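Trainee: final_16.tsv is reproduced in full below (TSV, C-alpha atoms).
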```tsv
chain	number	residue	atom	x	y	z
A	100	ALA	CA	78.35	-17.54	-18.47
A	101	GLN	CA	76.22	-15.86	-21.06
A	102	LYS	CA	73.21	-17.53	-22.60
A	103	ILE	CA	70.63	-16.61	-25.20
A	104	THR	CA	67.33	-18.45	-25.49
A	105	GLN	CA	64.94	-18.34	-28.41
A	106	THR	CA	61.95	-20.52	-27.64
A	107	GLN	CA	60.21	-20.36	-31.01
A	108	PRO	CA	61.73	-22.82	-33.49
A	109	GLY	CA	59.30	-21.69	-36.18
A	110	MET	CA	56.82	-18.92	-36.80
A	111	PHE	CA	54.24	-18.60	-39.58
A	112	VAL	CA	52.73	-15.20	-40.30
A	113	GLN	CA	50.50	-13.74	-42.97
A	114	GLU	CA	52.01	-11.10	-45.19
A	115	LYS	CA	51.55	-7.52	-43.92
A	116	GLU	CA	51.00	-8.65	-40.35
A	117	ALA	CA	53.35	-7.75	-37.52
A	118	VAL	CA	55.39	-10.48	-35.89
A	119	THR	CA	57.30	-10.71	-32.62
A	120	LEU	CA	60.27	-13.01	-32.24
A	121	ASP	CA	61.17	-13.82	-28.66
A	122	CYS	CA	64.61	-13.66	-27.10
A	123	THR	CA	65.66	-13.93	-23.48
A	124	TYR	CA	69.19	-13.66	-22.22
A	125	ASP	CA	71.19	-14.35	-19.13
A	126	THR	CA	74.31	-12.57	-17.98
A	127	SER	CA	75.71	-11.18	-14.77
A	128	ASP	CA	77.67	-8.46	-16.55
A	129	PRO	CA	76.15	-4.99	-16.39
A	130	SER	CA	77.46	-3.88	-19.77
A	131	TYR	CA	76.37	-5.85	-22.80
A	132	GLY	CA	74.86	-5.49	-26.23
A	133	LEU	CA	72.04	-7.36	-27.87
A	134	PHE	CA	71.87	-8.01	-31.60
A	135	TRP	CA	69.43	-9.47	-34.06
A	136	TYR	CA	70.60	-11.03	-37.30
A	137	LYS	CA	68.71	-12.37	-40.29
A	138	GLN	CA	70.05	-15.36	-42.16
A	139	PRO	CA	68.37	-16.11	-45.50
A	140	SER	CA	68.85	-19.42	-47.26
A	141	SER	CA	72.02	-18.07	-48.89
A	142	GLY	CA	73.68	-18.21	-45.47
A	143	GLU	CA	74.89	-14.65	-45.05
A	144	MET	CA	74.35	-13.03	-41.68
A	145	ILE	CA	72.55	-9.72	-42.05
A	146	PHE	CA	72.67	-7.31	-39.11
A	147	LEU	CA	69.23	-5.92	-38.26
A	148	ILE	CA	69.27	-4.04	-35.00
A	149	TYR	CA	71.27	-3.40	-31.84
A	150	GLN	CA	70.37	-2.54	-28.24
A	151	GLY	CA	72.89	-1.55	-25.62
A	152	SER	CA	72.28	-2.47	-22.00
A	153	TYR	CA	72.43	1.17	-20.96
A	154	ASP	CA	70.25	2.48	-23.76
A	155	GLN	CA	67.18	4.18	-22.33
A	156	GLN	CA	65.04	3.84	-25.42
A	157	ASN	CA	64.13	0.81	-27.46
A	158	ALA	CA	66.06	0.57	-30.69
A	159	THR	CA	64.29	0.98	-34.02
A	160	GLU	CA	65.53	0.47	-37.57
A	161	GLY	CA	62.88	0.94	-40.21
A	162	ARG	CA	60.38	-1.93	-39.89
A	163	TYR	CA	62.41	-3.49	-37.09
A	164	SER	CA	62.10	-2.55	-33.46
A	165	LEU	CA	63.48	-4.16	-30.36
A	166	ASN	CA	61.28	-4.51	-27.30
A	167	PHE	CA	63.92	-4.33	-24.58
A	168	GLN	CA	62.73	-5.28	-21.10
A	169	LYS	CA	65.84	-5.25	-18.97
A	170	ALA	CA	64.24	-6.45	-15.74
A	171	ARG	CA	62.84	-9.47	-17.57
A	172	LYS	CA	66.06	-9.93	-19.53
A	173	SER	CA	64.18	-10.06	-22.78
A	174	ALA	CA	64.95	-8.47	-26.15
A	175	ASN	CA	62.17	-9.36	-28.53
A	176	LEU	CA	62.34	-8.37	-32.19
A	177	VAL	CA	59.22	-6.86	-33.70
A	178	ILE	CA	58.84	-6.77	-37.47
A	179	SER	CA	56.02	-4.57	-38.66
A	180	ALA	CA	54.17	-5.03	-41.94
A	181	SER	CA	55.89	-8.30	-42.78
A	182	GLN	CA	56.94	-9.00	-46.34
A	183	LEU	CA	57.57	-12.24	-48.22
A	184	GLY	CA	61.27	-11.37	-48.25
A	185	ASP	CA	61.32	-11.50	-44.46
A	186	SER	CA	61.16	-15.30	-44.58
A	187	ALA	CA	64.47	-16.44	-43.10
A	188	MET	CA	66.18	-17.63	-39.92
A	189	TYR	CA	66.49	-14.99	-37.24
A	190	PHE	CA	69.14	-15.11	-34.55
A	191	CYS	CA	69.35	-13.15	-31.33
A	192	ALA	CA	72.89	-12.64	-30.02
A	193	MET	CA	74.58	-11.04	-27.04
A	194	ARG	CA	77.99	-9.54	-26.61
A	195	VAL	CA	79.45	-8.88	-23.19
A	196	ASN	CA	81.55	-5.74	-23.25
A	197	GLN	CA	84.69	-7.13	-21.74
A	198	GLY	CA	87.43	-9.54	-22.68
A	199	ALA	CA	87.28	-10.86	-26.22
A	200	GLN	CA	83.75	-9.50	-26.58
A	201	LYS	CA	82.48	-12.62	-28.26
A	202	LEU	CA	78.99	-12.97	-29.66
A	203	VAL	CA	76.81	-15.69	-28.19
A	204	PHE	CA	73.91	-16.76	-30.39
A	205	GLY	CA	70.50	-18.18	-29.63
A	206	GLN	CA	69.11	-21.24	-31.38
A	207	GLY	CA	67.28	-19.21	-33.96
A	208	THR	CA	63.69	-18.88	-35.16
A	209	ARG	CA	62.63	-19.77	-38.67
A	210	LEU	CA	60.12	-17.19	-39.85
A	211	THR	CA	57.88	-17.99	-42.79
A	212	ILE	CA	55.72	-15.28	-44.31
A	213	ASN	CA	52.67	-16.60	-46.12
A	214	PRO	CA	51.11	-14.66	-49.02
B	293	GLY	CA	79.26	-1.23	-43.20
B	294	ALA	CA	82.59	-2.87	-43.84
B	295	VAL	CA	82.97	-5.84	-46.20
B	296	VAL	CA	84.31	-9.26	-45.30
B	297	SER	CA	84.92	-11.88	-47.96
B	298	GLN	CA	85.45	-15.62	-47.72
B	299	HIS	CA	87.04	-17.95	-50.19
B	300	PRO	CA	86.01	-20.42	-51.34
B	301	SER	CA	82.26	-20.10	-51.01
B	302	TRP	CA	81.94	-23.86	-51.24
B	303	VAL	CA	84.33	-26.78	-51.36
B	304	ILE	CA	84.01	-30.52	-51.76
B	305	CYS	CA	86.94	-32.69	-50.75
B	306	LYS	CA	87.83	-36.28	-50.09
B	307	SER	CA	88.17	-37.63	-46.59
B	308	GLY	CA	91.71	-37.24	-45.27
B	309	THR	CA	92.60	-34.12	-47.20
B	310	SER	CA	93.13	-30.66	-45.76
B	311	VAL	CA	91.10	-27.63	-46.72
B	312	LYS	CA	92.01	-23.97	-46.27
B	313	ILE	CA	89.38	-21.26	-45.96
B	314	GLU	CA	90.32	-17.61	-46.26
B	315	CYS	CA	88.62	-14.69	-44.55
B	316	ARG	CA	89.53	-11.18	-45.71
B	317	SER	CA	88.49	-7.76	-44.52
B	318	LEU	CA	88.35	-5.74	-47.72
B	319	ASP	CA	88.18	-2.15	-46.59
B	320	PHE	CA	89.33	-2.12	-43.01
B	321	GLN	CA	91.96	-3.61	-40.77
B	322	ALA	CA	90.68	-6.42	-38.61
B	323	THR	CA	92.62	-6.81	-35.42
B	324	THR	CA	90.31	-9.61	-34.34
B	325	MET	CA	88.55	-12.25	-36.39
B	326	PHE	CA	86.16	-14.94	-35.27
B	327	TRP	CA	85.46	-18.34	-36.81
B	328	TYR	CA	82.07	-19.96	-36.45
B	329	ARG	CA	80.65	-23.31	-37.44
B	330	GLN	CA	77.02	-23.91	-38.29
B	331	PHE	CA	75.43	-27.30	-38.80
B	332	PRO	CA	72.19	-27.52	-40.80
B	333	LYS	CA	69.26	-25.95	-39.02
B	334	GLN	CA	71.39	-25.07	-36.03
B	335	SER	CA	72.87	-21.92	-34.59
B	336	LEU	CA	76.33	-20.47	-35.03
B	337	MET	CA	78.89	-21.91	-32.67
B	338	LEU	CA	82.06	-19.96	-32.05
B	339	MET	CA	85.13	-22.07	-32.76
B	340	ALA	CA	87.95	-19.65	-32.11
B	341	THR	CA	89.04	-16.05	-31.83
B	342	SER	CA	92.09	-15.01	-33.76
B	343	ASN	CA	94.11	-11.89	-33.12
B	344	GLU	CA	96.59	-10.57	-35.63
B	345	GLY	CA	100.11	-11.69	-34.82
B	346	SER	CA	99.23	-14.01	-31.97
B	347	LYS	CA	97.90	-17.48	-31.41
B	348	ALA	CA	94.21	-18.12	-31.74
B	349	THR	CA	92.04	-18.74	-28.70
B	350	TYR	CA	89.94	-21.83	-29.15
B	351	GLU	CA	86.59	-22.52	-27.54
B	352	GLN	CA	86.20	-25.49	-25.29
B	353	GLY	CA	85.87	-28.72	-27.23
B	354	VAL	CA	87.42	-27.41	-30.45
B	355	GLU	CA	90.53	-29.31	-31.49
B	356	LYS	CA	93.25	-26.78	-32.20
B	357	ASP	CA	95.33	-29.33	-34.10
B	358	LYS	CA	92.39	-30.11	-36.33
B	359	PHE	CA	91.33	-26.55	-37.03
B	360	LEU	CA	94.44	-24.49	-37.63
B	361	ILE	CA	93.95	-20.73	-37.59
B	362	ASN	CA	96.45	-18.21	-38.86
B	363	HIS	CA	95.93	-14.46	-38.65
B	364	ALA	CA	99.15	-13.29	-40.26
B	365	SER	CA	97.99	-9.86	-41.39
B	366	LEU	CA	95.40	-7.27	-40.44
B	367	THR	CA	93.25	-8.22	-43.42
B	368	LEU	CA	93.55	-11.99	-43.64
B	369	SER	CA	92.78	-14.94	-41.41
B	370	THR	CA	92.80	-18.53	-42.57
B	371	LEU	CA	91.15	-21.64	-41.19
B	372	THR	CA	92.64	-24.96	-42.23
B	373	VAL	CA	90.64	-28.09	-41.59
B	374	THR	CA	93.29	-30.80	-41.42
B	375	SER	CA	92.60	-34.40	-42.35
B	376	ALA	CA	88.97	-33.61	-42.96
B	377	HIS	CA	86.32	-36.25	-42.34
B	378	PRO	CA	82.61	-36.34	-43.22
B	379	GLU	CA	81.69	-35.11	-39.73
B	380	ASP	CA	83.60	-31.90	-40.47
B	381	SER	CA	81.09	-31.09	-43.22
B	382	SER	CA	79.49	-27.84	-42.16
B	383	PHE	CA	79.00	-24.16	-42.94
B	384	TYR	CA	81.97	-22.11	-41.74
B	385	ILE	CA	81.49	-18.39	-41.22
B	386	CYS	CA	84.05	-15.80	-40.25
B	387	SER	CA	83.56	-12.36	-38.84
B	388	ALA	CA	85.96	-9.48	-38.39
B	389	ARG	CA	86.22	-6.67	-35.91
B	390	ASP	CA	87.63	-3.24	-36.49
B	391	PHE	CA	88.39	-1.56	-33.21
B	392	SER	CA	88.65	1.80	-34.92
B	393	PHE	CA	85.04	1.48	-36.02
B	394	ARG	CA	83.14	3.45	-33.45
B	395	SER	CA	79.69	2.08	-34.13
B	396	TYR	CA	78.28	-0.73	-32.05
B	397	ASN	CA	77.93	-2.77	-35.23
B	398	GLU	CA	81.56	-3.52	-35.24
B	399	GLN	CA	81.62	-7.22	-36.07
B	400	PHE	CA	81.16	-7.86	-39.78
B	401	PHE	CA	80.36	-11.31	-41.16
B	402	GLY	CA	81.65	-13.04	-44.26
B	403	PRO	CA	79.27	-14.87	-46.60
B	404	GLY	CA	80.32	-18.30	-45.33
B	405	THR	CA	81.98	-21.38	-46.80
B	406	ARG	CA	80.11	-24.63	-47.23
B	407	LEU	CA	82.43	-27.60	-46.74
B	408	THR	CA	81.41	-31.07	-47.83
B	409	VAL	CA	83.74	-33.96	-47.07
B	410	LEU	CA	83.06	-37.15	-49.02
```
Translate this file's structure into structure tokens.
Mentor:
Amino acid sequence: AQKITQTQPGMFVQEKEAVTLDCTYDTSDPSYGLFWYKQPSSGEMIFLIYQGSYDQQNATEGRYSLNFQKARKSANLVISASQLGDSAMYFCAMRVNQGAQKLVFGQGTRLTINP
Amino acid sequence: GAVVSQHPSWVICKSGTSVKIECRSLDFQATTMFWYRQFPKQSLMLMATSNEGSKATYEQGVEKDKFLINHASLTLSTLTVTSAHPEDSSFYICSARDFSFRSYNEQFFGPGTRLTVL
């Protein structure tokens, strides 16, 4: 079975600082993908970044980067130069690349950016 | 990315009534759609996977007779909450997959439907 664990229920960061949101995963499948989504108070799920299990380099998308440590089974999200608009819930998710290819979500981390 | 819509965005109903939620892929054909449920301050829990033209696959613990899913076309899936009760109040989110979309970001989420059962 696949499992995603996010151990930080809440994070508080000063504006313009960098922040790391933790995510560990568990799967026995060799082929999988890891996703990070942002969910503002409006409820929509906004895709941020993706990392494939066979990708050699860490994924980056603008201010977002993914610190992928395969041996440790961790996929932490790093947000550089945080902005007030970054305040939201953040979910880590995993998709195993076989069968129905369902997404399994972690519990989420509520990030609050303070001015 | 592709666009997925949901209708209605919010609904309030009386206990015992049935509510239908629509999920549409607007600019692509979705061979697979997923329905999630999210309680306040909790994560998304997958309820079922629906494939166009076939029966939905429900996750363990989800009552298929309570949550009826129909995926009659490549652009529309519906979730009907039958005989809704206050404990069914939740945020329901759908997502759609387009297998012809070659990017890894191939599951697109709708904006969600907030259901409140009085």
Trainee: Could you check the closest approach to Thr374 (chain B) for each of B:Asn343, B:Thr323, B:Ser310, B:Gln298 and tell me which residue wins, using all atoms listed in the file?
Mentor: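 Of the candidates, the smallest distance to Thr374 (chain B) is held by B:Ser310.
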Trainee: For Ser127 (chain A), which of A:Lys169, A:Gln155, A:Gln113, A:Gln101 is the closest residue, counting only C-alpha atoms?
Mentor: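 Checking each candidate against Ser127 (chain A), we get A:Gln101 as the closest.
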Trainee: Mind listing as a PyMOL selection string which residues of chain A are within 12 Å of chain B, counting all atoms listed in the file?
Mentor: chain A and resi 103-105+108-109+131-152+154+187-192+194+196+198-209
Trainee: If we count all atoms listed in the file, what is near region 177-181 of chain A at a cut-off of 9 Å, once residues fewer than 4 positions away on the same chain are taken out, given as a list in words?
Mentor: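 Counting all atoms listed in the file, the residues come to Val112, Gln113, Glu114, Lys115, Glu116, Ala117, Val118, Thr119, Leu120, Asp121, Gly161, Arg162, Tyr163, Ser164, Leu165, Asn166, Asp185, Ser186 and Ile212 of chain A.
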Trainee: Restricting the calculation to only C-alpha atoms: of B:Cys386, B:Ala348, B:Met339, B:Leu410, which residue gets closest to Ser297 (chain B)?
Mentor: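 Nearest to Ser297 (chain B): B:Cys386.
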Trainee: Rounded to one decimal, what separation in Å do you get between CA of Ile361 (chain B) and CA of Cys305 (chain B)?
Mentor: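 Here the two named atoms are 19.1 Å from each other.
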Trainee: Once 6 Å is added on each side, what centre and edge lengths in Å to one decimal does the axis-aligned box around all listed atoms of region 144-150 of chain A have, as JSON?
Mentor:
```
{"center_x": 71.8, "center_y": -7.8, "center_z": -35.1, "size_x": 17.1, "size_y": 22.5, "size_z": 25.8}
```
Trainee: Grab the CA of Thr408 (chain B) to CA of Ala294 (chain B) distance for me, in Å with one decimal place.
Mentor: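 Between CA of Thr408 (chain B) and CA of Ala294 (chain B) the gap is 28.5 Å.
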Trainee: Can you measure CA of Phe111 (chain A) to CA of Leu210 (chain A) for me? One decimal in Å is fine.
Mentor: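 So the answer is 6.1 Å.
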Trainee: Could you check which residues have any atom within 10 Å of (102.8, -18.3, -32.8), counting only C-alpha atoms with coordinates taken straight from the file, and then list them as a list of chain:residue names?
Mentor: B:Gly345, B:Ser346, B:Lys347, B:Ala348, B:Asn362, B:His363, B:Ala364
Trainee: What would the list of residues within 12 Å of (82.6, -28.5, -49.9) (file frame) look like as number ranges by chain, if all atoms listed in the file are what count?
Mentor: B: 299-307, 309-313, 373, 376-378, 380-384, 404-410
Trainee: For Leu176 (chain A), which of A:Cys122, A:Thr106, A:Glu160, A:Pro214 is the closest residue, counting only C-alpha atoms?
Mentor: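 Looking at the shortest contact to Leu176 (chain A), the residue is A:Cys122.
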Trainee: Using all atoms listed in the file, find the one residue out of A:Leu183, A:Ala158, A:Ala100, A:Ala174 that sits nearest to Asn213 (chain A).
Mentor: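 Closest to Asn213 (chain A) of all the choices is A:Leu183.
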